[in-house]
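Student: I'm passing along my_file.txt; it holds compact mmCIF, C-alpha atoms.
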```txt
# COMPACT_ATOMS: atom_id res chain seq x y z
CA LYS A 303 -1.49 0.32 -33.58
CA ASP A 304 -1.89 1.93 -30.15
CA GLU A 305 -4.52 0.24 -27.98
CA LYS A 306 -5.71 0.42 -24.40
CA ILE A 307 -6.26 -3.04 -22.94
CA ALA A 308 -7.89 -4.18 -19.70
CA VAL A 309 -6.57 -7.49 -18.34
CA PHE A 310 -9.29 -8.96 -16.11
CA ASP A 311 -7.74 -11.78 -14.05
CA LEU A 312 -10.06 -13.80 -11.80
CA GLY A 313 -8.23 -16.90 -10.59
CA GLY A 314 -8.65 -19.45 -7.82
CA GLY A 315 -7.79 -17.16 -4.92
CA THR A 316 -7.37 -13.56 -6.12
CA PHE A 317 -8.77 -10.96 -8.49
CA ASP A 318 -6.53 -8.51 -10.39
CA ILE A 319 -7.33 -5.84 -12.95
CA SER A 320 -4.56 -4.14 -14.97
CA LEU A 321 -4.96 -1.41 -17.56
CA LEU A 322 -2.25 -1.27 -20.21
CA GLU A 323 -1.39 0.90 -23.17
CA ILE A 324 0.18 -1.05 -26.01
CA GLY A 325 1.99 0.40 -29.00
CA GLU A 326 4.96 -0.67 -31.15
CA GLY A 327 5.99 -3.52 -28.87
CA VAL A 328 5.84 -1.40 -25.67
CA PHE A 329 3.43 -2.63 -22.98
CA GLU A 330 2.92 0.21 -20.50
CA VAL A 331 0.95 -0.56 -17.33
CA LYS A 332 -1.23 2.50 -16.57
CA SER A 333 -2.80 1.21 -13.34
CA THR A 334 -3.46 -1.94 -11.32
CA ASN A 335 -6.02 -2.87 -8.69
CA GLY A 336 -7.79 -5.95 -7.35
CA ASP A 337 -9.02 -7.96 -4.39
CA THR A 338 -6.75 -10.52 -2.75
CA HIS A 339 -9.73 -12.18 -1.04
CA LEU A 340 -11.85 -12.89 -4.09
CA GLY A 341 -11.48 -15.91 -6.35
CA GLY A 342 -12.85 -19.26 -7.50
CA GLU A 343 -12.57 -20.75 -4.01
CA ASP A 344 -15.09 -18.19 -2.69
CA PHE A 345 -17.57 -19.23 -5.41
CA ASP A 346 -16.98 -22.92 -4.52
CA GLN A 347 -17.60 -22.17 -0.85
CA ARG A 348 -21.04 -20.72 -1.63
CA ILE A 349 -22.01 -23.97 -3.39
CA ILE A 350 -20.57 -26.10 -0.55
CA ASP A 351 -22.57 -24.15 2.06
CA TYR A 352 -25.76 -24.31 0.00
CA ILE A 353 -25.55 -28.10 -0.54
CA ALA A 354 -24.57 -28.76 3.11
CA ASN A 355 -27.46 -26.60 4.40
CA GLU A 356 -29.97 -28.31 2.10
CA PHE A 357 -28.70 -31.76 3.18
CA LYS A 358 -28.94 -30.75 6.85
CA LYS A 359 -32.54 -29.58 6.35
CA ASP A 360 -33.37 -32.90 4.70
CA GLN A 361 -31.38 -35.36 6.86
CA GLY A 362 -30.56 -33.42 10.05
CA ILE A 363 -26.82 -34.05 9.60
CA ASP A 364 -24.20 -31.34 8.97
CA ILE A 365 -21.65 -33.07 6.72
CA ARG A 366 -19.18 -30.16 7.11
CA GLY A 367 -18.10 -31.75 10.39
CA ASP A 368 -16.82 -34.85 8.59
CA LYS A 369 -13.48 -34.15 6.86
CA MET A 370 -13.80 -36.98 4.35
CA ALA A 371 -17.37 -35.99 3.40
CA LEU A 372 -16.34 -32.31 3.17
CA GLN A 373 -13.50 -33.15 0.76
CA ARG A 374 -15.93 -35.04 -1.51
CA LEU A 375 -18.34 -32.12 -1.27
CA LYS A 376 -15.60 -29.61 -2.24
CA GLU A 377 -14.69 -31.62 -5.33
CA ALA A 378 -18.38 -31.97 -6.30
CA ALA A 379 -19.00 -28.22 -5.80
CA GLU A 380 -16.09 -27.23 -8.06
CA LYS A 381 -17.20 -29.76 -10.70
CA ALA A 382 -20.78 -28.45 -10.58
CA LYS A 383 -19.57 -24.83 -10.93
CA MET A 384 -17.53 -25.75 -14.01
CA GLU A 385 -20.40 -27.72 -15.58
CA LEU A 386 -22.78 -24.77 -15.09
CA SER A 387 -20.54 -22.64 -17.32
CA THR A 388 -21.66 -24.73 -20.30
CA SER A 389 -25.03 -26.13 -19.21
CA MET A 390 -28.09 -24.67 -17.48
CA GLU A 391 -28.32 -27.32 -14.74
CA THR A 392 -26.29 -30.13 -13.23
CA ASP A 393 -26.83 -33.07 -10.86
CA ILE A 394 -24.72 -33.46 -7.71
CA ASN A 395 -24.68 -37.10 -6.75
CA LEU A 396 -22.62 -38.30 -3.73
CA PRO A 397 -23.63 -41.82 -2.61
CA PHE A 398 -22.72 -42.95 0.92
CA ILE A 399 -21.73 -39.39 1.90
CA THR A 400 -22.39 -40.16 5.57
CA ALA A 401 -24.34 -42.49 7.86
CA ASP A 402 -26.35 -42.49 11.08
CA ALA A 403 -28.05 -45.16 13.22
CA SER A 404 -30.61 -45.80 10.48
CA GLY A 405 -27.91 -46.56 7.89
CA PRO A 406 -25.98 -44.86 5.05
CA LYS A 407 -27.09 -41.52 3.57
CA HIS A 408 -26.82 -40.45 -0.06
CA LEU A 409 -26.70 -36.91 -1.39
CA ASN A 410 -28.55 -36.26 -4.63
CA MET A 411 -29.36 -32.71 -5.68
CA ARG A 412 -29.96 -30.62 -8.77
CA LEU A 413 -28.31 -27.20 -9.09
CA THR A 414 -29.30 -24.69 -11.79
CA ARG A 415 -27.20 -21.89 -13.27
CA ALA A 416 -29.79 -19.36 -12.05
CA LYS A 417 -29.49 -20.66 -8.47
CA LEU A 418 -25.67 -20.49 -8.61
CA GLU A 419 -25.81 -16.90 -9.89
CA GLY A 420 -28.14 -16.02 -7.02
CA LEU A 421 -25.74 -17.58 -4.48
CA VAL A 422 -22.74 -15.57 -5.77
CA GLU A 423 -24.47 -12.28 -6.64
CA ASP A 424 -22.55 -10.25 -4.02
CA LEU A 425 -19.22 -11.80 -5.12
CA LEU A 426 -19.91 -10.70 -8.70
CA GLU A 427 -20.67 -7.19 -7.42
CA LYS A 428 -17.25 -7.09 -5.71
CA LEU A 429 -15.61 -7.17 -9.16
CA VAL A 430 -16.91 -3.69 -10.00
CA GLY A 431 -15.09 -1.51 -7.41
CA PRO A 432 -11.47 -2.43 -8.30
CA CYS A 433 -12.23 -1.95 -12.04
CA ARG A 434 -13.64 1.54 -11.44
CA THR A 435 -10.67 2.48 -9.26
CA ALA A 436 -8.19 1.23 -11.88
CA LEU A 437 -9.97 3.27 -14.58
CA LYS A 438 -9.92 6.38 -12.35
CA ASP A 439 -6.21 5.94 -11.51
CA ALA A 440 -5.36 5.59 -15.22
CA GLY A 441 -7.48 8.63 -16.12
CA LEU A 442 -9.65 6.53 -18.43
CA ASN A 443 -13.35 5.87 -19.00
CA PRO A 444 -14.86 2.50 -20.08
CA PRO A 445 -15.29 3.62 -23.74
CA ASP A 446 -11.51 4.34 -23.89
CA ILE A 447 -10.75 0.62 -23.48
CA ASN A 448 -10.29 -1.11 -26.85
CA GLN A 449 -10.24 -4.71 -25.57
CA VAL A 450 -10.83 -6.65 -22.36
CA ILE A 451 -8.78 -9.83 -22.04
CA LEU A 452 -10.02 -12.52 -19.66
CA VAL A 453 -7.51 -14.44 -17.56
CA GLY A 454 -8.11 -17.27 -15.06
CA GLY A 455 -10.53 -20.20 -15.06
CA MET A 456 -13.28 -18.27 -13.24
CA THR A 457 -13.72 -15.97 -16.25
CA ARG A 458 -15.38 -18.92 -18.06
CA MET A 459 -18.45 -18.38 -15.88
CA PRO A 460 -21.12 -16.63 -18.03
CA ALA A 461 -22.20 -14.38 -15.13
CA VAL A 462 -18.60 -13.12 -14.77
CA GLN A 463 -18.45 -12.38 -18.52
CA GLN A 464 -21.76 -10.51 -18.26
CA LYS A 465 -20.40 -8.47 -15.34
CA VAL A 466 -17.28 -7.60 -17.37
CA LYS A 467 -19.49 -6.51 -20.26
CA GLY A 468 -21.51 -4.37 -17.84
CA ILE A 469 -18.38 -2.67 -16.42
CA PHE A 470 -16.57 -1.95 -19.71
CA GLY A 471 -19.56 -1.74 -22.09
CA LYS A 472 -18.14 -4.29 -24.53
CA GLU A 473 -17.89 -8.03 -25.04
CA PRO A 474 -14.64 -9.42 -23.57
CA HIS A 475 -12.06 -10.82 -26.01
CA LYS A 476 -12.13 -14.65 -25.98
CA GLY A 477 -9.19 -15.33 -28.31
CA VAL A 478 -6.80 -16.51 -25.57
CA ASN A 479 -7.00 -19.55 -23.30
CA PRO A 480 -7.56 -18.08 -19.79
CA ASP A 481 -5.66 -20.99 -18.19
CA GLU A 482 -2.57 -20.68 -20.39
CA VAL A 483 -2.27 -16.92 -20.95
CA VAL A 484 -0.25 -16.22 -17.76
CA ALA A 485 2.26 -18.96 -18.57
CA LEU A 486 2.49 -17.59 -22.10
CA GLY A 487 3.18 -14.07 -20.82
CA ALA A 488 5.77 -15.36 -18.33
CA ALA A 489 7.53 -17.23 -21.16
CA ILE A 490 7.66 -14.05 -23.29
CA GLN A 491 8.99 -11.99 -20.36
CA ALA A 492 11.63 -14.69 -19.69
CA GLY A 493 12.64 -14.36 -23.35
CA VAL A 494 12.90 -10.57 -22.94
CA LEU A 495 15.08 -10.91 -19.81
CA LYS A 496 17.32 -13.49 -21.52
CA GLY A 497 17.63 -11.34 -24.63
CA ASP A 498 15.98 -13.84 -27.00
CA VAL A 499 12.91 -11.61 -27.54
CA GLN A 500 13.93 -8.17 -28.78
CA ASP A 501 10.81 -6.30 -29.85
CA VAL A 502 8.83 -6.33 -26.57
CA LEU A 503 9.21 -3.92 -23.63
CA LEU A 504 7.10 -4.08 -20.45
CA LEU A 505 6.83 -0.87 -18.43
CA ASP A 506 5.42 -1.65 -14.98
CA VAL A 507 4.06 0.74 -12.32
CA THR A 508 4.57 1.30 -8.59
CA PRO A 509 1.55 -0.11 -6.71
CA LEU A 510 1.81 2.45 -3.86
CA SER A 511 3.28 5.93 -3.32
CA LEU A 512 6.83 6.28 -1.97
CA GLY A 513 8.21 9.11 0.14
CA ILE A 514 9.77 10.21 3.43
CA GLU A 515 8.64 11.42 6.84
CA THR A 516 8.94 15.18 7.31
CA LEU A 517 8.42 17.59 10.23
CA GLY A 518 5.34 16.82 12.32
CA GLY A 519 5.13 13.16 11.25
CA VAL A 520 3.82 14.06 7.78
CA PHE A 521 4.30 11.62 4.86
CA THR A 522 5.75 13.60 1.94
CA LYS A 523 5.32 11.68 -1.32
CA LEU A 524 8.10 11.82 -3.91
CA ILE A 525 6.76 9.14 -6.25
CA ASP A 526 2.98 8.74 -6.62
CA LYS A 527 1.30 5.34 -6.99
CA ASN A 528 0.86 4.01 -10.53
CA THR A 529 3.99 5.87 -11.71
CA THR A 530 5.66 4.00 -14.58
CA ILE A 531 9.03 2.48 -13.65
CA PRO A 532 11.94 2.96 -14.10
CA THR A 533 11.61 6.47 -12.62
CA LYS A 534 13.65 9.01 -10.67
CA LYS A 535 12.43 11.95 -8.55
CA SER A 536 14.34 14.47 -6.38
CA GLN A 537 13.26 17.08 -3.87
CA ILE A 538 15.19 19.57 -1.68
CA PHE A 539 14.56 19.41 2.08
CA SER A 540 16.21 21.22 4.97
CA THR A 541 16.83 21.07 8.71
CA ALA A 542 14.09 21.62 11.31
CA ALA A 543 16.32 23.07 14.07
CA ASP A 544 19.27 25.46 14.34
CA ASN A 545 22.72 23.83 14.13
CA GLN A 546 21.17 20.42 13.42
CA PRO A 547 24.17 18.09 12.82
CA ALA A 548 22.25 15.24 11.11
CA VAL A 549 18.98 14.38 9.38
CA SER A 550 17.16 11.07 9.65
CA ILE A 551 15.67 9.81 6.37
CA HIS A 552 12.65 7.58 7.07
CA VAL A 553 11.57 5.90 3.81
CA LEU A 554 7.90 4.88 3.60
CA GLN A 555 5.36 3.34 1.24
CA GLY A 556 1.59 3.93 1.37
CA GLU A 557 -1.26 6.36 0.74
CA ARG A 558 -1.96 7.87 4.19
CA GLU A 559 -1.13 11.53 4.89
CA MET A 560 0.61 10.74 8.19
CA ALA A 561 3.83 8.71 8.26
CA GLU A 562 2.86 6.49 11.21
CA TYR A 563 0.08 4.81 9.20
CA ASN A 564 2.30 3.84 6.26
CA LYS A 565 4.75 0.96 5.85
CA THR A 566 8.41 1.60 6.73
CA LEU A 567 10.81 0.43 4.03
CA GLY A 568 14.02 1.64 5.66
CA ARG A 569 15.84 4.39 7.59
CA PHE A 570 19.27 5.99 7.37
CA GLU A 571 21.11 9.03 8.77
CA LEU A 572 22.94 11.78 6.90
CA VAL A 573 25.50 13.12 9.40
CA GLY A 574 28.15 15.83 9.40
CA ILE A 575 25.93 18.78 8.48
CA PRO A 576 27.86 21.99 9.39
CA PRO A 577 26.23 24.26 12.02
CA ALA A 578 23.72 26.59 10.37
CA PRO A 579 20.35 28.22 11.08
CA ARG A 580 17.40 25.96 10.42
CA GLY A 581 16.09 25.96 6.88
CA LEU A 582 19.48 26.95 5.45
CA PRO A 583 21.18 23.58 4.68
CA GLN A 584 19.96 22.03 1.43
CA ILE A 585 19.43 18.27 1.54
CA ASP A 586 18.72 16.74 -1.88
CA VAL A 587 16.66 13.53 -1.44
CA THR A 588 16.44 11.31 -4.54
CA PHE A 589 14.26 8.25 -5.14
CA ASP A 590 15.38 6.08 -8.05
CA ILE A 591 13.40 2.93 -8.98
CA ASP A 592 14.93 0.66 -11.59
CA ALA A 593 13.11 -1.64 -14.03
CA ASN A 594 13.27 -4.52 -11.49
CA GLY A 595 11.41 -2.50 -8.85
CA ILE A 596 14.52 -1.99 -6.70
CA VAL A 597 14.38 1.38 -4.92
CA HIS A 598 17.55 3.42 -4.34
CA VAL A 599 17.11 6.35 -1.92
CA SER A 600 19.92 8.86 -1.43
CA ALA A 601 20.31 12.07 0.60
CA LYS A 602 23.03 14.58 -0.26
CA ASP A 603 24.04 17.73 1.62
CA LEU A 604 24.55 20.19 -1.25
CA GLY A 605 26.79 22.35 0.98
CA THR A 606 29.38 19.69 1.82
CA GLY A 607 28.72 17.09 -0.88
CA LYS A 608 28.29 14.40 1.82
CA GLU A 609 25.93 11.63 0.77
CA GLN A 610 24.21 8.59 2.28
CA SER A 611 21.95 6.06 0.58
CA ILE A 612 19.91 2.91 1.04
CA GLN A 613 18.78 0.19 -1.38
CA ILE A 614 15.40 -1.43 -0.92
CA THR A 615 14.94 -4.67 -2.88
CA ALA A 616 11.61 -5.63 -4.39
CA SER A 617 11.25 -8.55 -1.94
CA SER A 618 11.44 -6.23 1.09
CA GLY A 619 8.29 -4.46 -0.13
CA LEU A 620 4.72 -5.56 0.33
CA SER A 621 2.57 -8.51 -0.62
CA GLU A 622 -0.56 -7.98 -2.75
CA GLU A 623 -2.68 -8.32 0.39
CA GLU A 624 -0.73 -5.59 2.22
CA ILE A 625 -0.94 -3.27 -0.82
CA GLU A 626 -4.71 -3.73 -0.98
CA SER A 627 -5.06 -3.25 2.78
CA LEU A 628 -3.01 0.00 2.75
CA THR A 629 -4.97 1.38 -0.22
CA LYS A 630 -8.35 0.60 1.40
CA ASP A 631 -7.10 2.05 4.70
CA ALA A 632 -6.16 5.31 2.98
CA GLU A 633 -9.61 5.60 1.37
CA LEU A 634 -11.37 4.97 4.71
CA HIS A 635 -9.35 7.59 6.61
CA ALA A 636 -8.90 10.17 3.84
CA GLU A 637 -10.95 12.91 5.55
CA GLU A 638 -9.49 12.36 9.02
CA ASP A 639 -5.94 12.33 7.57
CA LYS A 640 -6.54 15.58 5.67
CA LYS A 641 -7.52 17.31 8.93
CA LYS A 642 -4.42 15.97 10.72
CA ARG A 643 -2.19 17.03 7.82
CA ALA A 644 -3.76 20.53 7.73
CA LEU A 645 -3.19 20.90 11.49
CA VAL A 646 0.48 19.90 11.22
CA ASP A 647 0.99 22.17 8.20
CA ALA A 648 -0.58 25.11 10.09
CA ARG A 649 1.58 24.40 13.15
CA ASN A 650 4.74 24.16 11.03
CA HIS A 651 3.82 27.40 9.24
CA ALA A 652 3.15 29.22 12.52
CA ASP A 653 6.38 27.87 14.00
CA SER A 654 8.28 29.10 10.95
CA LEU A 655 6.72 32.58 11.20
CA ILE A 656 7.60 32.82 14.91
CA TYR A 657 11.17 31.72 14.16
CA GLN A 658 11.54 34.26 11.30
CA THR A 659 10.06 37.07 13.42
CA GLU A 660 12.35 36.32 16.39
CA LYS A 661 15.35 36.11 14.05
CA SER A 662 14.48 39.45 12.43
CA MET A 663 13.99 41.08 15.85
CA ARG A 664 17.39 39.83 17.03
CA GLU A 665 19.08 41.13 13.88
CA LEU A 666 17.23 44.45 13.73
CA GLY A 667 16.48 44.88 17.46
CA ASP A 668 18.22 48.24 17.86
CA LYS A 669 16.47 49.67 14.79
CA ILE A 670 12.93 48.87 15.99
CA ASP A 671 10.97 51.50 18.00
CA ALA A 672 9.97 50.25 21.42
```
Before anything else, please render the file you have as structure tokens.
Tutor:
Amino acid sequence: KDEKIAVFDLGGGTFDISLLEIGEGVFEVKSTNGDTHLGGEDFDQRIIDYIANEFKKDQGIDIRGDKMALQRLKEAAEKAKMELSTSMETDINLPFITADASGPKHLNMRLTRAKLEGLVEDLLEKLVGPCRTALKDAGLNPPDINQVILVGGMTRMPAVQQKVKGIFGKEPHKGVNPDEVVALGAAIQAGVLKGDVQDVLLLDVTPLSLGIETLGGVFTKLIDKNTTIPTKKSQIFSTAADNQPAVSIHVLQGEREMAEYNKTLGRFELVGIPPAPRGLPQIDVTFDIDANGIVHVSAKDLGTGKEQSIQITASSGLSEEEIESLTKDAELHAEEDKKKRALVDARNHADSLIYQTEKSMRELGDKIDA
């Protein structure tokens, strides 16, 4: 049966949310989002800082300055966090953690689940934004989601599970081991690639929009973010000046309206365009992304049949951190970018009107009354 699934993945260092539509062995990714600076280590750090500050208040010594003591503290913090997923309180006991002139010091402290949840309240709140964005990008509402699957050790924390329930309005599915599910999925996908698994198809999406730079430094999108791949899109462009012999194709990835703020993936030139008034040559630009995420960009002069292309491999793209940074950047500057884009569009339109008027006057000059 067809189902819409949310995969909520909170691991040691990053948070990812993916919304999928599943039906008849086809897994179609509808949208992805996340936070590359949010994970189990951030929760551990809150416990480390709390214990160290309490110890400093009590003993006047900051044990974070001692590498050996800090390592013991890190291990104890992670252990305490894990224990508080199944019990309401835990004891942190680190004998001989440090020493001063009066002799050795021991660390003995009790940490409750309620205290831990208070320490990480803002981190839990950070889980909400990416989920809402992913839902919006997929055109879905929380009630549309049939199941929420938890991935990553941090999803064992009861407060995380409560937050998930609050976001999606339903209890998360606990039928899979959050530590093993990624390895399981990777094994299935390996089977698909090798041809051993026949009845499963994964349709991924592009994390950011792809397009080219056009007149006035504008970023013209050909493929929008969260488009299912493989995909192919074409658009006709033209020259910006009379008798222009070549066009430069500047391939970009990002969400900003202006090209300069997006990430350059590659550039190439289409040369040998016959002399013609501007706007007359027809340049067909095609973006083709295959199932492996490899982007093929080609530009063809429809008048001469001349063609140039570039291939952009998946590895030459962006890391998760860069994707998140570009997306956040676009949201922050959306209004400012719209104004810049509107100004360039108005200028291009005015320029085009002037050009057309001058052209008409040259052609019909003797027929116009003075």
Student: If we draw a sphere of 10 Å around (-25.3, -32.4, 2.7), which residues have at least one atom in it when counting only C-alpha atoms? Please report them as a list in words.
Tutor: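 Neighbouring residues, ordered by chain and number, come to Ile350, Asp351, Tyr352, Ile353, Ala354, Asn355, Glu356, Phe357, Lys358, Lys359, Asp360, Gln361, Gly362, Ile363, Asp364, Ile365, Arg366, Ala371, Leu372, Leu375, Leu396, Ile399, Thr400, Lys407, His408, Leu409, Asn410 and Met411 of chain A.
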Student: Using all atoms listed in the file, which protein or nucleic acid residues come within 10 Å of stretch 571-587 of chain A? Drop anything in the same chain fewer than 5 positions from it, and give the result as a PDB file with C-alpha atoms, in the frame of the given file.
Tutor:
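Output below, filename selection_3.pdb:
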```
ATOM      1  CA  GLY A 513       8.210   9.110   0.140  1.00  0.00           C
ATOM      2  CA  ILE A 514       9.770  10.210   3.430  1.00  0.00           C
ATOM      3  CA  LEU A 524       8.100  11.820  -3.910  1.00  0.00           C
ATOM      4  CA  LYS A 535      12.430  11.950  -8.550  1.00  0.00           C
ATOM      5  CA  SER A 536      14.340  14.470  -6.380  1.00  0.00           C
ATOM      6  CA  GLN A 537      13.260  17.080  -3.870  1.00  0.00           C
ATOM      7  CA  ILE A 538      15.190  19.570  -1.680  1.00  0.00           C
ATOM      8  CA  PHE A 539      14.560  19.410   2.080  1.00  0.00           C
ATOM      9  CA  SER A 540      16.210  21.220   4.970  1.00  0.00           C
ATOM     10  CA  THR A 541      16.830  21.070   8.710  1.00  0.00           C
ATOM     11  CA  ALA A 542      14.090  21.620  11.310  1.00  0.00           C
ATOM     12  CA  ALA A 543      16.320  23.070  14.070  1.00  0.00           C
ATOM     13  CA  ASP A 544      19.270  25.460  14.340  1.00  0.00           C
ATOM     14  CA  ASN A 545      22.720  23.830  14.130  1.00  0.00           C
ATOM     15  CA  GLN A 546      21.170  20.420  13.420  1.00  0.00           C
ATOM     16  CA  PRO A 547      24.170  18.090  12.820  1.00  0.00           C
ATOM     17  CA  ALA A 548      22.250  15.240  11.110  1.00  0.00           C
ATOM     18  CA  VAL A 549      18.980  14.380   9.380  1.00  0.00           C
ATOM     19  CA  SER A 550      17.160  11.070   9.650  1.00  0.00           C
ATOM     20  CA  ILE A 551      15.670   9.810   6.370  1.00  0.00           C
ATOM     21  CA  HIS A 552      12.650   7.580   7.070  1.00  0.00           C
ATOM     22  CA  VAL A 599      17.110   6.350  -1.920  1.00  0.00           C
ATOM     23  CA  SER A 600      19.920   8.860  -1.430  1.00  0.00           C
ATOM     24  CA  ALA A 601      20.310  12.070   0.600  1.00  0.00           C
ATOM     25  CA  LYS A 602      23.030  14.580  -0.260  1.00  0.00           C
ATOM     26  CA  ASP A 603      24.040  17.730   1.620  1.00  0.00           C
ATOM     27  CA  LEU A 604      24.550  20.190  -1.250  1.00  0.00           C
ATOM     28  CA  GLY A 605      26.790  22.350   0.980  1.00  0.00           C
ATOM     29  CA  THR A 606      29.380  19.690   1.820  1.00  0.00           C
ATOM     30  CA  GLY A 607      28.720  17.090  -0.880  1.00  0.00           C
ATOM     31  CA  LYS A 608      28.290  14.400   1.820  1.00  0.00           C
ATOM     32  CA  GLU A 609      25.930  11.630   0.770  1.00  0.00           C
ATOM     33  CA  GLN A 610      24.210   8.590   2.280  1.00  0.00           C
ATOM     34  CA  SER A 611      21.950   6.060   0.580  1.00  0.00           C
ATOM     35  CA  ILE A 612      19.910   2.910   1.040  1.00  0.00           C
ATOM     36  CA  SER A 654       8.280  29.100  10.950  1.00  0.00           C
ATOM     37  CA  TYR A 657      11.170  31.720  14.160  1.00  0.00           C
ATOM     38  CA  LYS A 661      15.350  36.110  14.050  1.00  0.00           C
TER      39      LYS A 661
END
```
Student: Could you check which of A:Phe345, A:Gly477, A:Gly441, A:Lys381 is closest to A:Leu426, using all atoms listed in the file?
Tutor: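 Checking each of A:Phe345, A:Gly477, A:Gly441, A:Lys381 against A:Leu426, counting all atoms listed in the file, the winner is A:Phe345.
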Student: Could you state the separation of atom CA of A:Gly519 and atom CA of A:Arg643 in Å, given to one decimal place?
Tutor: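 Separating atom CA of A:Gly519 from atom CA of A:Arg643 is a distance of 9.0 Å.
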Student: Nearest residue to A:Met384 out of A:Asn443, A:Val502, A:Met456, A:Val430, using all atoms listed in the file?
Tutor: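 Looking at the shortest contact to A:Met384, the residue is A:Met456.
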Student: Using Å and a single decimal, report how far atom CA of A:Glu391 sits from atom CA of A:His339.
Tutor: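 Computing the Euclidean distance for atom CA of A:His339 and atom CA of A:Glu391 yields 27.6 Å.
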Student: Need the shell around A:Asn528: protein/DNA/RNA residues with any atom at most 6 Å away, counting only C-alpha atoms. Skip same-chain ones fewer than 4 positions apart. Format as a list in words?
Tutor: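 Near A:Asn528, the qualifying residues are Ser333, Val507, Thr508 and Pro509 of chain A.
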Student: As a PyMOL selection string, please: the residues near A:Pro445 (cut-off 9 Å, only C-alpha atoms, same-chain neighbours under 3 positions excluded).
Tutor: chain A and resi 442+448+470-472
Student: Name the residues in contact with A:Ala644 at a cut-off of 12 Å, using all atoms listed in the file, excluding same-chain residues fewer than 6 positions from it; report them as a ChimeraX atom specification.
Tutor: /A:518,520,559-560,637-638,650-651
Student: When distances are computed from all atoms listed in the file, which of A:Glu562, A:Asp506, A:Glu665, A:Glu380 shows the smallest separation from A:Ile349?
Tutor: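 Looking only at the distances to A:Ile349, the closest residue turns out to be A:Glu380.
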Student: Measure the distance from atom CA of A:Leu512 to atom CA of A:Asp318 in Å and round it to one decimal.
Tutor: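 Separation of atom CA of A:Leu512 and atom CA of A:Asp318: 21.6 Å.
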Student: Which residue, A:Lys306, A:Lys527, A:Lys383, A:Lys417, has the smallest gap to A:Phe329 when you use all atoms listed in the file?
Tutor: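 Between A:Lys306, A:Lys527, A:Lys383, A:Lys417, the residue approaching A:Phe329 most closely is A:Lys306.
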Student: Which is closest to A:Glu326 among A:Glu633, A:Lys369, A:Asp304, A:Thr516, if we use all atoms listed in the file?
Tutor: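 Ranked by minimum distance to A:Glu326, first place goes to A:Asp304.
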Student: Can you tell me, as a VMD selection string, what residues are no more than 7 Å from A:Ile319 when counting all atoms listed in the file, ignoring any on the same chain fewer than 6 positions away?
Tutor: chain A and resid 308 to 311 334 to 336 433
Student: Pick from A:Gly454, A:Gly342, A:Pro406, A:Gly556: nearest to A:Lys376, with only C-alpha atoms counted?
Tutor: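 For A:Lys376, the nearest of the given residues is A:Gly342.
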Student: Within 12 Å of (-4.8, -5.4, -1.4) in the file's own coordinates, which protein, DNA or RNA residues have an atom, counting all atoms listed in the file? List them as a ChimeraX atom specification.
Tutor: /A:316-319,334-340,432,509-510,556,620-632
